[in-house]
>>> print(open('coords-v6.txt').read())   # compact mmCIF, N, CA and C atoms
# COMPACT_ATOMS: atom_id res chain seq x y z
N MET A 1 0.84 -1.18 0.00
CA MET A 1 0.00 0.00 0.00
C MET A 1 0.89 1.25 0.00
N ASN A 2 0.66 2.13 -0.94
CA ASN A 2 1.41 3.37 -1.02
C ASN A 2 0.71 4.44 -0.20
N LEU A 3 1.48 5.14 0.61
CA LEU A 3 0.94 6.17 1.48
C LEU A 3 1.41 7.55 1.05
N ASN A 4 0.65 8.55 1.43
CA ASN A 4 0.98 9.95 1.18
C ASN A 4 1.55 10.54 2.47
N TYR A 5 2.78 11.01 2.42
CA TYR A 5 3.47 11.55 3.58
C TYR A 5 3.56 13.07 3.52
N CYS A 6 3.67 13.65 4.71
CA CYS A 6 4.00 15.06 4.88
C CYS A 6 5.09 15.11 5.95
N LEU A 7 6.15 15.84 5.69
CA LEU A 7 7.24 15.96 6.65
C LEU A 7 7.35 17.40 7.14
N MET A 8 7.72 17.54 8.41
CA MET A 8 8.05 18.85 8.95
C MET A 8 9.49 18.79 9.45
N VAL A 9 10.31 19.72 8.96
CA VAL A 9 11.72 19.76 9.32
C VAL A 9 11.95 20.98 10.21
N THR A 10 12.39 20.73 11.46
CA THR A 10 12.65 21.81 12.39
C THR A 10 14.14 21.97 12.69
N GLY A 11 14.95 21.10 12.13
CA GLY A 11 16.40 21.18 12.34
C GLY A 11 17.08 21.96 11.24
N PRO A 12 18.14 22.69 11.57
CA PRO A 12 18.85 23.48 10.56
C PRO A 12 19.57 22.59 9.55
N ALA A 13 19.98 23.20 8.47
CA ALA A 13 20.69 22.44 7.44
C ALA A 13 21.97 21.83 7.99
N TYR A 14 22.63 22.54 8.89
CA TYR A 14 23.89 22.04 9.47
C TYR A 14 23.86 22.30 10.97
N GLY A 15 24.49 21.43 11.72
CA GLY A 15 24.54 21.60 13.18
C GLY A 15 23.97 20.43 13.94
N ASN A 16 23.02 19.73 13.32
CA ASN A 16 22.52 18.47 13.88
C ASN A 16 22.01 17.60 12.73
N GLN A 17 21.52 16.43 13.04
CA GLN A 17 21.17 15.43 12.02
C GLN A 17 19.73 15.50 11.52
N ARG A 18 18.89 16.34 12.12
CA ARG A 18 17.46 16.29 11.78
C ARG A 18 17.17 16.52 10.30
N ALA A 19 17.75 17.56 9.71
CA ALA A 19 17.47 17.84 8.30
C ALA A 19 18.04 16.75 7.39
N SER A 20 19.23 16.30 7.71
CA SER A 20 19.85 15.23 6.91
C SER A 20 19.03 13.95 7.01
N SER A 21 18.57 13.63 8.21
CA SER A 21 17.73 12.43 8.40
C SER A 21 16.41 12.56 7.65
N ALA A 22 15.84 13.75 7.67
CA ALA A 22 14.59 13.99 6.95
C ALA A 22 14.78 13.78 5.46
N LEU A 23 15.87 14.29 4.92
CA LEU A 23 16.15 14.12 3.49
C LEU A 23 16.35 12.65 3.15
N GLN A 24 17.10 11.93 3.94
CA GLN A 24 17.32 10.51 3.69
C GLN A 24 16.01 9.72 3.80
N PHE A 25 15.18 10.09 4.77
CA PHE A 25 13.88 9.43 4.91
C PHE A 25 13.01 9.71 3.68
N ALA A 26 13.00 10.96 3.24
CA ALA A 26 12.22 11.34 2.05
C ALA A 26 12.69 10.55 0.82
N GLN A 27 13.98 10.44 0.64
CA GLN A 27 14.52 9.69 -0.50
C GLN A 27 14.13 8.22 -0.41
N ALA A 28 14.17 7.65 0.78
CA ALA A 28 13.82 6.24 0.96
C ALA A 28 12.34 5.99 0.70
N LEU A 29 11.47 6.85 1.19
CA LEU A 29 10.04 6.59 0.97
C LEU A 29 9.65 6.78 -0.48
N LEU A 30 10.28 7.72 -1.16
CA LEU A 30 10.00 7.90 -2.58
C LEU A 30 10.54 6.73 -3.40
N ALA A 31 11.67 6.18 -2.99
CA ALA A 31 12.23 4.99 -3.66
C ALA A 31 11.32 3.78 -3.49
N CYS A 32 10.51 3.78 -2.44
CA CYS A 32 9.57 2.68 -2.18
C CYS A 32 8.18 2.97 -2.75
N SER A 33 8.09 3.96 -3.64
CA SER A 33 6.85 4.33 -4.34
C SER A 33 5.78 4.97 -3.46
N HIS A 34 6.17 5.46 -2.29
CA HIS A 34 5.23 6.26 -1.51
C HIS A 34 5.21 7.66 -2.10
N ARG A 35 4.27 8.48 -1.67
CA ARG A 35 4.16 9.85 -2.17
C ARG A 35 4.54 10.80 -1.06
N LEU A 36 5.27 11.82 -1.42
CA LEU A 36 5.61 12.90 -0.50
C LEU A 36 5.06 14.18 -1.10
N GLY A 37 3.97 14.66 -0.53
CA GLY A 37 3.32 15.84 -1.08
C GLY A 37 3.98 17.14 -0.65
N THR A 38 4.31 17.22 0.65
CA THR A 38 4.80 18.47 1.21
C THR A 38 5.90 18.23 2.23
N VAL A 39 6.90 19.08 2.17
CA VAL A 39 7.88 19.20 3.26
C VAL A 39 7.75 20.63 3.76
N PHE A 40 7.49 20.77 5.06
CA PHE A 40 7.31 22.08 5.66
C PHE A 40 8.49 22.36 6.58
N PHE A 41 9.17 23.46 6.33
CA PHE A 41 10.33 23.84 7.12
C PHE A 41 9.91 24.89 8.13
N TYR A 42 10.19 24.60 9.41
CA TYR A 42 9.70 25.43 10.51
C TYR A 42 10.81 25.64 11.53
N GLN A 43 10.71 26.67 12.31
CA GLN A 43 11.71 27.02 13.33
C GLN A 43 13.09 27.08 12.68
N GLU A 44 14.09 26.42 13.26
CA GLU A 44 15.45 26.46 12.71
C GLU A 44 15.55 25.76 11.35
N GLY A 45 14.53 24.99 11.00
CA GLY A 45 14.51 24.29 9.72
C GLY A 45 14.48 25.21 8.52
N VAL A 46 14.10 26.47 8.72
CA VAL A 46 14.05 27.40 7.59
C VAL A 46 15.44 27.62 6.98
N ALA A 47 16.49 27.32 7.72
CA ALA A 47 17.86 27.46 7.18
C ALA A 47 18.10 26.53 5.99
N ASN A 48 17.29 25.50 5.84
CA ASN A 48 17.40 24.59 4.71
C ASN A 48 17.01 25.27 3.40
N ALA A 49 16.42 26.45 3.47
CA ALA A 49 15.97 27.17 2.28
C ALA A 49 16.85 28.36 1.94
N ASN A 50 17.95 28.54 2.64
CA ASN A 50 18.83 29.68 2.43
C ASN A 50 19.83 29.38 1.31
N ARG A 51 19.60 29.96 0.15
CA ARG A 51 20.46 29.69 -1.01
C ARG A 51 21.88 30.21 -0.85
N LEU A 52 22.12 31.03 0.15
CA LEU A 52 23.45 31.57 0.37
C LEU A 52 24.32 30.67 1.24
N SER A 53 23.76 29.58 1.75
CA SER A 53 24.58 28.69 2.57
C SER A 53 25.57 27.94 1.67
N VAL A 54 26.79 27.81 2.16
CA VAL A 54 27.85 27.14 1.41
C VAL A 54 28.50 26.11 2.34
N PRO A 55 28.16 24.83 2.16
CA PRO A 55 28.74 23.80 3.02
C PRO A 55 30.20 23.53 2.65
N ALA A 56 30.90 22.89 3.57
CA ALA A 56 32.27 22.46 3.29
C ALA A 56 32.25 21.48 2.11
N GLY A 57 33.37 21.38 1.43
CA GLY A 57 33.47 20.54 0.24
C GLY A 57 33.16 19.07 0.49
N ASP A 58 33.36 18.59 1.71
CA ASP A 58 33.11 17.18 2.00
C ASP A 58 31.74 16.93 2.64
N GLU A 59 30.86 17.95 2.64
CA GLU A 59 29.51 17.81 3.21
C GLU A 59 28.46 17.81 2.09
N VAL A 60 27.34 17.18 2.38
CA VAL A 60 26.20 17.21 1.46
C VAL A 60 25.63 18.62 1.44
N ASP A 61 25.36 19.12 0.27
CA ASP A 61 24.72 20.44 0.12
C ASP A 61 23.21 20.23 0.28
N LEU A 62 22.74 20.33 1.52
CA LEU A 62 21.34 20.01 1.81
C LEU A 62 20.37 20.95 1.11
N VAL A 63 20.70 22.22 0.99
CA VAL A 63 19.80 23.16 0.35
C VAL A 63 19.54 22.73 -1.09
N ARG A 64 20.59 22.45 -1.83
CA ARG A 64 20.44 22.01 -3.21
C ARG A 64 19.86 20.59 -3.30
N ALA A 65 20.15 19.74 -2.32
CA ALA A 65 19.60 18.38 -2.31
C ALA A 65 18.08 18.42 -2.15
N TRP A 66 17.57 19.30 -1.28
CA TRP A 66 16.11 19.44 -1.14
C TRP A 66 15.52 19.95 -2.46
N HIS A 67 16.18 20.93 -3.06
CA HIS A 67 15.70 21.47 -4.33
C HIS A 67 15.63 20.37 -5.39
N ASP A 68 16.68 19.56 -5.49
CA ASP A 68 16.72 18.49 -6.48
C ASP A 68 15.62 17.46 -6.23
N LEU A 69 15.40 17.10 -4.97
CA LEU A 69 14.35 16.15 -4.63
C LEU A 69 12.98 16.69 -5.04
N ALA A 70 12.76 17.97 -4.75
CA ALA A 70 11.47 18.59 -5.10
C ALA A 70 11.25 18.61 -6.61
N GLN A 71 12.29 18.91 -7.36
CA GLN A 71 12.17 18.95 -8.81
C GLN A 71 11.91 17.56 -9.39
N ARG A 72 12.64 16.60 -8.89
CA ARG A 72 12.54 15.23 -9.43
C ARG A 72 11.19 14.59 -9.14
N TYR A 73 10.67 14.82 -7.93
CA TYR A 73 9.46 14.11 -7.50
C TYR A 73 8.24 15.03 -7.34
N ARG A 74 8.38 16.28 -7.72
CA ARG A 74 7.28 17.26 -7.61
C ARG A 74 6.77 17.38 -6.18
N VAL A 75 7.69 17.55 -5.27
CA VAL A 75 7.38 17.74 -3.85
C VAL A 75 7.32 19.24 -3.57
N MET A 76 6.33 19.66 -2.83
CA MET A 76 6.21 21.06 -2.45
C MET A 76 7.09 21.32 -1.23
N LEU A 77 7.94 22.33 -1.31
CA LEU A 77 8.81 22.72 -0.20
C LEU A 77 8.31 24.05 0.35
N HIS A 78 7.62 24.00 1.47
CA HIS A 78 7.06 25.20 2.09
C HIS A 78 7.91 25.62 3.28
N VAL A 79 8.09 26.91 3.42
CA VAL A 79 8.89 27.49 4.50
C VAL A 79 8.00 28.45 5.27
N CYS A 80 7.94 28.28 6.59
CA CYS A 80 7.12 29.18 7.41
C CYS A 80 7.64 30.60 7.27
N VAL A 81 6.80 31.49 6.79
CA VAL A 81 7.22 32.86 6.50
C VAL A 81 7.65 33.58 7.76
N ALA A 82 6.92 33.43 8.86
CA ALA A 82 7.27 34.14 10.09
C ALA A 82 8.62 33.66 10.63
N ALA A 83 8.82 32.35 10.67
CA ALA A 83 10.09 31.80 11.15
C ALA A 83 11.24 32.20 10.23
N ALA A 84 10.98 32.23 8.93
CA ALA A 84 12.01 32.58 7.96
C ALA A 84 12.45 34.04 8.12
N LEU A 85 11.49 34.93 8.20
CA LEU A 85 11.84 36.34 8.33
C LEU A 85 12.61 36.61 9.62
N ARG A 86 12.22 35.94 10.70
CA ARG A 86 12.95 36.09 11.96
C ARG A 86 14.41 35.67 11.85
N ARG A 87 14.66 34.71 10.96
CA ARG A 87 16.00 34.15 10.83
C ARG A 87 16.74 34.63 9.57
N GLY A 88 16.20 35.66 8.93
CA GLY A 88 16.89 36.28 7.80
C GLY A 88 16.77 35.56 6.48
N VAL A 89 15.72 34.76 6.30
CA VAL A 89 15.47 34.09 5.02
C VAL A 89 14.26 34.76 4.40
N THR A 90 14.41 35.26 3.18
CA THR A 90 13.32 36.00 2.56
C THR A 90 13.30 35.80 1.04
N ASP A 91 12.13 35.96 0.46
CA ASP A 91 12.00 35.94 -0.99
C ASP A 91 11.94 37.37 -1.51
N VAL A 92 11.82 37.53 -2.80
CA VAL A 92 11.81 38.86 -3.41
C VAL A 92 10.65 39.70 -2.89
N ILE A 93 9.49 39.10 -2.79
CA ILE A 93 8.30 39.85 -2.36
C ILE A 93 8.46 40.35 -0.94
N GLN A 94 8.83 39.45 -0.02
CA GLN A 94 8.99 39.85 1.38
C GLN A 94 10.14 40.84 1.55
N ALA A 95 11.20 40.68 0.80
CA ALA A 95 12.32 41.63 0.87
C ALA A 95 11.84 43.03 0.52
N SER A 96 11.02 43.12 -0.51
CA SER A 96 10.47 44.41 -0.91
C SER A 96 9.53 44.97 0.16
N LEU A 97 8.65 44.13 0.67
CA LEU A 97 7.70 44.57 1.70
C LEU A 97 8.40 45.00 2.98
N GLN A 98 9.51 44.36 3.30
CA GLN A 98 10.24 44.65 4.54
C GLN A 98 11.40 45.64 4.31
N ASN A 99 11.48 46.20 3.11
CA ASN A 99 12.54 47.16 2.77
C ASN A 99 13.94 46.59 2.99
N ARG A 100 14.15 45.38 2.50
CA ARG A 100 15.46 44.73 2.59
C ARG A 100 16.13 44.77 1.22
N ALA A 101 17.44 44.77 1.21
CA ALA A 101 18.21 44.95 -0.03
C ALA A 101 18.17 43.75 -0.96
N GLY A 102 17.98 42.54 -0.44
CA GLY A 102 18.01 41.37 -1.30
C GLY A 102 17.25 40.21 -0.72
N ASP A 103 17.19 39.16 -1.49
CA ASP A 103 16.50 37.94 -1.06
C ASP A 103 17.50 36.80 -1.05
N ASN A 104 17.14 35.71 -0.37
CA ASN A 104 18.03 34.55 -0.32
C ASN A 104 17.29 33.22 -0.27
N LEU A 105 16.02 33.20 -0.65
CA LEU A 105 15.26 31.96 -0.66
C LEU A 105 15.67 31.13 -1.88
N GLN A 106 16.09 29.91 -1.63
CA GLN A 106 16.48 28.99 -2.71
C GLN A 106 15.30 28.75 -3.65
N PRO A 107 15.52 28.82 -4.96
CA PRO A 107 14.45 28.47 -5.89
C PRO A 107 13.91 27.07 -5.59
N GLY A 108 12.61 26.91 -5.74
CA GLY A 108 11.96 25.64 -5.45
C GLY A 108 11.30 25.62 -4.08
N PHE A 109 11.68 26.56 -3.21
CA PHE A 109 11.05 26.71 -1.90
C PHE A 109 10.05 27.85 -1.98
N GLU A 110 9.03 27.78 -1.14
CA GLU A 110 7.99 28.81 -1.15
C GLU A 110 7.68 29.22 0.28
N LEU A 111 7.65 30.54 0.52
CA LEU A 111 7.23 31.03 1.83
C LEU A 111 5.73 30.86 1.96
N SER A 112 5.29 30.35 3.10
CA SER A 112 3.86 30.16 3.32
C SER A 112 3.58 30.19 4.82
N GLY A 113 2.32 30.13 5.16
CA GLY A 113 1.91 30.19 6.56
C GLY A 113 1.58 28.83 7.13
N LEU A 114 1.24 28.84 8.40
CA LEU A 114 0.90 27.59 9.08
C LEU A 114 -0.38 26.96 8.54
N GLY A 115 -1.21 27.74 7.88
CA GLY A 115 -2.40 27.19 7.25
C GLY A 115 -2.04 26.17 6.17
N THR A 116 -0.94 26.40 5.48
CA THR A 116 -0.46 25.46 4.48
C THR A 116 -0.07 24.14 5.13
N LEU A 117 0.60 24.23 6.28
CA LEU A 117 0.95 23.02 7.02
C LEU A 117 -0.30 22.28 7.46
N ALA A 118 -1.27 23.01 7.99
CA ALA A 118 -2.51 22.38 8.45
C ALA A 118 -3.21 21.64 7.31
N GLN A 119 -3.27 22.25 6.14
CA GLN A 119 -3.91 21.60 4.99
C GLN A 119 -3.14 20.37 4.56
N ALA A 120 -1.81 20.45 4.56
CA ALA A 120 -0.97 19.31 4.18
C ALA A 120 -1.18 18.14 5.13
N VAL A 121 -1.29 18.44 6.42
CA VAL A 121 -1.51 17.39 7.42
C VAL A 121 -2.88 16.74 7.20
N LEU A 122 -3.88 17.52 6.87
CA LEU A 122 -5.21 16.97 6.60
C LEU A 122 -5.22 16.08 5.36
N ASP A 123 -4.37 16.39 4.39
CA ASP A 123 -4.36 15.67 3.11
C ASP A 123 -3.47 14.44 3.09
N CYS A 124 -2.67 14.22 4.14
CA CYS A 124 -1.72 13.10 4.10
C CYS A 124 -2.17 11.94 4.96
N ASP A 125 -1.53 10.80 4.72
CA ASP A 125 -1.78 9.61 5.55
C ASP A 125 -0.87 9.57 6.76
N ARG A 126 0.35 10.08 6.61
CA ARG A 126 1.35 10.05 7.67
C ARG A 126 2.07 11.39 7.75
N PHE A 127 2.18 11.93 8.97
CA PHE A 127 2.90 13.18 9.22
C PHE A 127 4.06 12.87 10.14
N ILE A 128 5.26 13.26 9.74
CA ILE A 128 6.45 12.95 10.52
C ILE A 128 7.26 14.24 10.69
N GLN A 129 7.68 14.49 11.95
CA GLN A 129 8.50 15.66 12.25
C GLN A 129 9.93 15.26 12.52
N PHE A 130 10.85 16.03 11.96
CA PHE A 130 12.28 15.83 12.19
C PHE A 130 12.84 17.08 12.84
>>> encode(input="coords-v6.txt", output="structure tokens")
Amino acid sequence: MNLNYCLMVTGPAYGNQRASSALQFAQALLACSHRLGTVFFYQEGVANANRLSVPAGDEVDLVRAWHDLAQRYRVMLHVCVAAALRRGVTDVIQASLQNRAGDNLQPGFELSGLGTLAQAVLDCDRFIQF
């Protein structure tokens, strides 16, 4: 039986294993023909959407890895707008609204509210937080 999953990532791209574990879990469930509709990045997890992050040469580039996963499997990558703005992650629209000089949201990610998370949880069979 194939299930529809929704993941919430609260760990930063680097500093602990939560985001890396979430990515590996997502890759494994998609390899097993399950569906991953939404990944929601919340709290410190919004760092996974910062296109300006540059990992060491021997580390996985999690920001680009999430982007690649989303492109390949048509997964929606939502980032909590309030948590993102607090932590300096913004898109072009929010940068303009907040009078900031630039944006740094990785393409493929979308700023959204907690209502998006609530809808994703209602639409999935399994919700897992990392």
>>> closest_residue(input="coords-v6.txt", among="A:Leu30, A:Gly108, A:Ala120, A:Arg100", to="Asp68 of chain A", atoms="only N, CA and C atoms")
A:Gly108
>>> select_by_dssp(input="coords-v6.txt", residues="chain A", states="helix (DSSP H, G or I)", output="compact mmCIF listing (two decimals) with N, CA and C atoms, in the coordinates of the input")
# COMPACT_ATOMS: atom_id res chain seq x y z
N ARG A 18 18.89 16.34 12.12
CA ARG A 18 17.46 16.29 11.78
C ARG A 18 17.17 16.52 10.30
N ALA A 19 17.75 17.56 9.71
CA ALA A 19 17.47 17.84 8.30
C ALA A 19 18.04 16.75 7.39
N SER A 20 19.23 16.30 7.71
CA SER A 20 19.85 15.23 6.91
C SER A 20 19.03 13.95 7.01
N SER A 21 18.57 13.63 8.21
CA SER A 21 17.73 12.43 8.40
C SER A 21 16.41 12.56 7.65
N ALA A 22 15.84 13.75 7.67
CA ALA A 22 14.59 13.99 6.95
C ALA A 22 14.78 13.78 5.46
N LEU A 23 15.87 14.29 4.92
CA LEU A 23 16.15 14.12 3.49
C LEU A 23 16.35 12.65 3.15
N GLN A 24 17.10 11.93 3.94
CA GLN A 24 17.32 10.51 3.69
C GLN A 24 16.01 9.72 3.80
N PHE A 25 15.18 10.09 4.77
CA PHE A 25 13.88 9.43 4.91
C PHE A 25 13.01 9.71 3.68
N ALA A 26 13.00 10.96 3.24
CA ALA A 26 12.22 11.34 2.05
C ALA A 26 12.69 10.55 0.82
N GLN A 27 13.98 10.44 0.64
CA GLN A 27 14.52 9.69 -0.50
C GLN A 27 14.13 8.22 -0.41
N ALA A 28 14.17 7.65 0.78
CA ALA A 28 13.82 6.24 0.96
C ALA A 28 12.34 5.99 0.70
N LEU A 29 11.47 6.85 1.19
CA LEU A 29 10.04 6.59 0.97
C LEU A 29 9.65 6.78 -0.48
N LEU A 30 10.28 7.72 -1.16
CA LEU A 30 10.00 7.90 -2.58
C LEU A 30 10.54 6.73 -3.40
N ALA A 31 11.67 6.18 -2.99
CA ALA A 31 12.23 4.99 -3.66
C ALA A 31 11.32 3.78 -3.49
N GLN A 43 10.71 26.67 12.31
CA GLN A 43 11.71 27.02 13.33
C GLN A 43 13.09 27.08 12.68
N GLU A 44 14.09 26.42 13.26
CA GLU A 44 15.45 26.46 12.71
C GLU A 44 15.55 25.76 11.35
N GLY A 45 14.53 24.99 11.00
CA GLY A 45 14.51 24.29 9.72
C GLY A 45 14.48 25.21 8.52
N VAL A 46 14.10 26.47 8.72
CA VAL A 46 14.05 27.40 7.59
C VAL A 46 15.44 27.62 6.98
N ALA A 47 16.49 27.32 7.72
CA ALA A 47 17.86 27.46 7.18
C ALA A 47 18.10 26.53 5.99
N ASN A 48 17.29 25.50 5.84
CA ASN A 48 17.40 24.59 4.71
C ASN A 48 17.01 25.27 3.40
N ALA A 49 16.42 26.45 3.47
CA ALA A 49 15.97 27.17 2.28
C ALA A 49 16.85 28.36 1.94
N LEU A 62 22.74 20.33 1.52
CA LEU A 62 21.34 20.01 1.81
C LEU A 62 20.37 20.95 1.11
N VAL A 63 20.70 22.22 0.99
CA VAL A 63 19.80 23.16 0.35
C VAL A 63 19.54 22.73 -1.09
N ARG A 64 20.59 22.45 -1.83
CA ARG A 64 20.44 22.01 -3.21
C ARG A 64 19.86 20.59 -3.30
N ALA A 65 20.15 19.74 -2.32
CA ALA A 65 19.60 18.38 -2.31
C ALA A 65 18.08 18.42 -2.15
N TRP A 66 17.57 19.30 -1.28
CA TRP A 66 16.11 19.44 -1.14
C TRP A 66 15.52 19.95 -2.46
N HIS A 67 16.18 20.93 -3.06
CA HIS A 67 15.70 21.47 -4.33
C HIS A 67 15.63 20.37 -5.39
N ASP A 68 16.68 19.56 -5.49
CA ASP A 68 16.72 18.49 -6.48
C ASP A 68 15.62 17.46 -6.23
N LEU A 69 15.40 17.10 -4.97
CA LEU A 69 14.35 16.15 -4.63
C LEU A 69 12.98 16.69 -5.04
N ALA A 70 12.76 17.97 -4.75
CA ALA A 70 11.47 18.59 -5.10
C ALA A 70 11.25 18.61 -6.61
N GLN A 71 12.29 18.91 -7.36
CA GLN A 71 12.17 18.95 -8.81
C GLN A 71 11.91 17.56 -9.39
N ARG A 72 12.64 16.60 -8.89
CA ARG A 72 12.54 15.23 -9.43
C ARG A 72 11.19 14.59 -9.14
N TYR A 73 10.67 14.82 -7.93
CA TYR A 73 9.46 14.11 -7.50
C TYR A 73 8.24 15.03 -7.34
N VAL A 81 6.80 31.49 6.79
CA VAL A 81 7.22 32.86 6.50
C VAL A 81 7.65 33.58 7.76
N ALA A 82 6.92 33.43 8.86
CA ALA A 82 7.27 34.14 10.09
C ALA A 82 8.62 33.66 10.63
N ALA A 83 8.82 32.35 10.67
CA ALA A 83 10.09 31.80 11.15
C ALA A 83 11.24 32.20 10.23
N ALA A 84 10.98 32.23 8.93
CA ALA A 84 12.01 32.58 7.96
C ALA A 84 12.45 34.04 8.12
N LEU A 85 11.49 34.93 8.20
CA LEU A 85 11.84 36.34 8.33
C LEU A 85 12.61 36.61 9.62
N ARG A 86 12.22 35.94 10.70
CA ARG A 86 12.95 36.09 11.96
C ARG A 86 14.41 35.67 11.85
N VAL A 92 11.82 37.53 -2.80
CA VAL A 92 11.81 38.86 -3.41
C VAL A 92 10.65 39.70 -2.89
N ILE A 93 9.49 39.10 -2.79
CA ILE A 93 8.30 39.85 -2.36
C ILE A 93 8.46 40.35 -0.94
N GLN A 94 8.83 39.45 -0.02
CA GLN A 94 8.99 39.85 1.38
C GLN A 94 10.14 40.84 1.55
N ALA A 95 11.20 40.68 0.80
CA ALA A 95 12.32 41.63 0.87
C ALA A 95 11.84 43.03 0.52
N SER A 96 11.02 43.12 -0.51
CA SER A 96 10.47 44.41 -0.91
C SER A 96 9.53 44.97 0.16
N LEU A 97 8.65 44.13 0.67
CA LEU A 97 7.70 44.57 1.70
C LEU A 97 8.40 45.00 2.98
N LEU A 114 1.24 28.84 8.40
CA LEU A 114 0.90 27.59 9.08
C LEU A 114 -0.38 26.96 8.54
N GLY A 115 -1.21 27.74 7.88
CA GLY A 115 -2.40 27.19 7.25
C GLY A 115 -2.04 26.17 6.17
N THR A 116 -0.94 26.40 5.48
CA THR A 116 -0.46 25.46 4.48
C THR A 116 -0.07 24.14 5.13
N LEU A 117 0.60 24.23 6.28
CA LEU A 117 0.95 23.02 7.02
C LEU A 117 -0.30 22.28 7.46
N ALA A 118 -1.27 23.01 7.99
CA ALA A 118 -2.51 22.38 8.45
C ALA A 118 -3.21 21.64 7.31
N GLN A 119 -3.27 22.25 6.14
CA GLN A 119 -3.91 21.60 4.99
C GLN A 119 -3.14 20.37 4.56
N ALA A 120 -1.81 20.45 4.56
CA ALA A 120 -0.97 19.31 4.18
C ALA A 120 -1.18 18.14 5.13
N VAL A 121 -1.29 18.44 6.42
CA VAL A 121 -1.51 17.39 7.42
C VAL A 121 -2.88 16.74 7.20
N LEU A 122 -3.88 17.52 6.87
CA LEU A 122 -5.21 16.97 6.60
C LEU A 122 -5.22 16.08 5.36
N ASP A 123 -4.37 16.39 4.39
CA ASP A 123 -4.36 15.67 3.11
C ASP A 123 -3.47 14.44 3.09
>>> closest_residue(input="coords-v6.txt", among="A:Gln98, A:Ser112, A:Ser53, A:Thr38", to="Leu77 of chain A", atoms="only C-alpha atoms")
A:Thr38
>>> residues_around(input="coords-v6.txt", residues="Trp66 of chain A", least_positions_apart="5", cutoff="8 Å", atoms="all atoms listed in the file", output="list in words")
Leu23, Asn48, Asp61, Gln71, Arg72, Leu77, Pro107, Gly108 and Phe109 of chain A
>>> atom_distance(input="coords-v6.txt", atom1="atom N of Ala28 of chain A", atom2="atom CA of Val81 of chain A")
26.8 Å
>>> closest_residue(input="coords-v6.txt", among="A:Ala56, A:His67, A:Arg74, A:Phe40", to="Leu117 of chain A", atoms="all atoms listed in the file")
A:Phe40
>>> residues_around(input="coords-v6.txt", residues="Arg35 of chain A", least_positions_apart="6", cutoff="5 Å", atoms="only N, CA and C atoms", output="count of residues only")
3
>>> residues_near_point(input="coords-v6.txt", point="(18.4, 26.3, 9.9)", cutoff="5 Å", atoms="all atoms listed in the file", output="ChimeraX atom specification")
/A:11-13,44-48
>>> atom_distance(input="coords-v6.txt", atom1="atom CA of Gly88 of chain A", atom2="atom CA of Asn16 of chain A")
19.6 Å
>>> closest_residue(input="coords-v6.txt", among="A:Ile93, A:Ser20, A:Val39, A:Asp103", to="Cys6 of chain A", atoms="all atoms listed in the file")
A:Val39
>>> atom_distance(input="coords-v6.txt", atom1="atom C of Ala22 of chain A", atom2="atom CA of Asp123 of chain A")
19.4 Å
>>> residues_around(input="coords-v6.txt", residues="Ala101 of chain A", least_positions_apart="3", cutoff="12 Å", atoms="only C-alpha atoms", output="ChimeraX atom specification")
/A:88,90-98,104
>>> axis_aligned_box(input="coords-v6.txt", around="segment 4-8 of chain A", padding_each_side="4 Å", output="lines of an AutoDock Vina configuration file")
center_x = 5.1
center_y = 13.7
center_z = 5.3
size_x = 16.8
size_y = 18.3
size_z = 16.3
>>> residues_around(input="coords-v6.txt", residues="Phe130 of chain A", least_positions_apart="4", cutoff="7 Å", atoms="only N, CA and C atoms", output="PyMOL selection string")
chain A and resi 7-11+18-19+21-22
>>> closest_residue(input="coords-v6.txt", among="A:Ala26, A:Val79, A:Leu69, A:Leu62", to="Gln43 of chain A", atoms="only C-alpha atoms")
A:Val79
>>> closest_residue(input="coords-v6.txt", among="A:Met1, A:Cys80, A:Leu122, A:Leu114", to="Phe41 of chain A", atoms="only C-alpha atoms")
A:Cys80
>>> select_by_dssp(input="coords-v6.txt", residues="chain A", states="strand (DSSP E)", output="list in words")
Asn4, Tyr5, Cys6, Leu7, Met8, Val9, Arg35, Leu36, Gly37, Thr38, Val39, Phe40, Phe41, Met76, Leu77, His78, Val79, Cys80, Phe109, Glu110, Leu111, Ser112, Arg126, Phe127, Ile128 and Gln129 of chain A
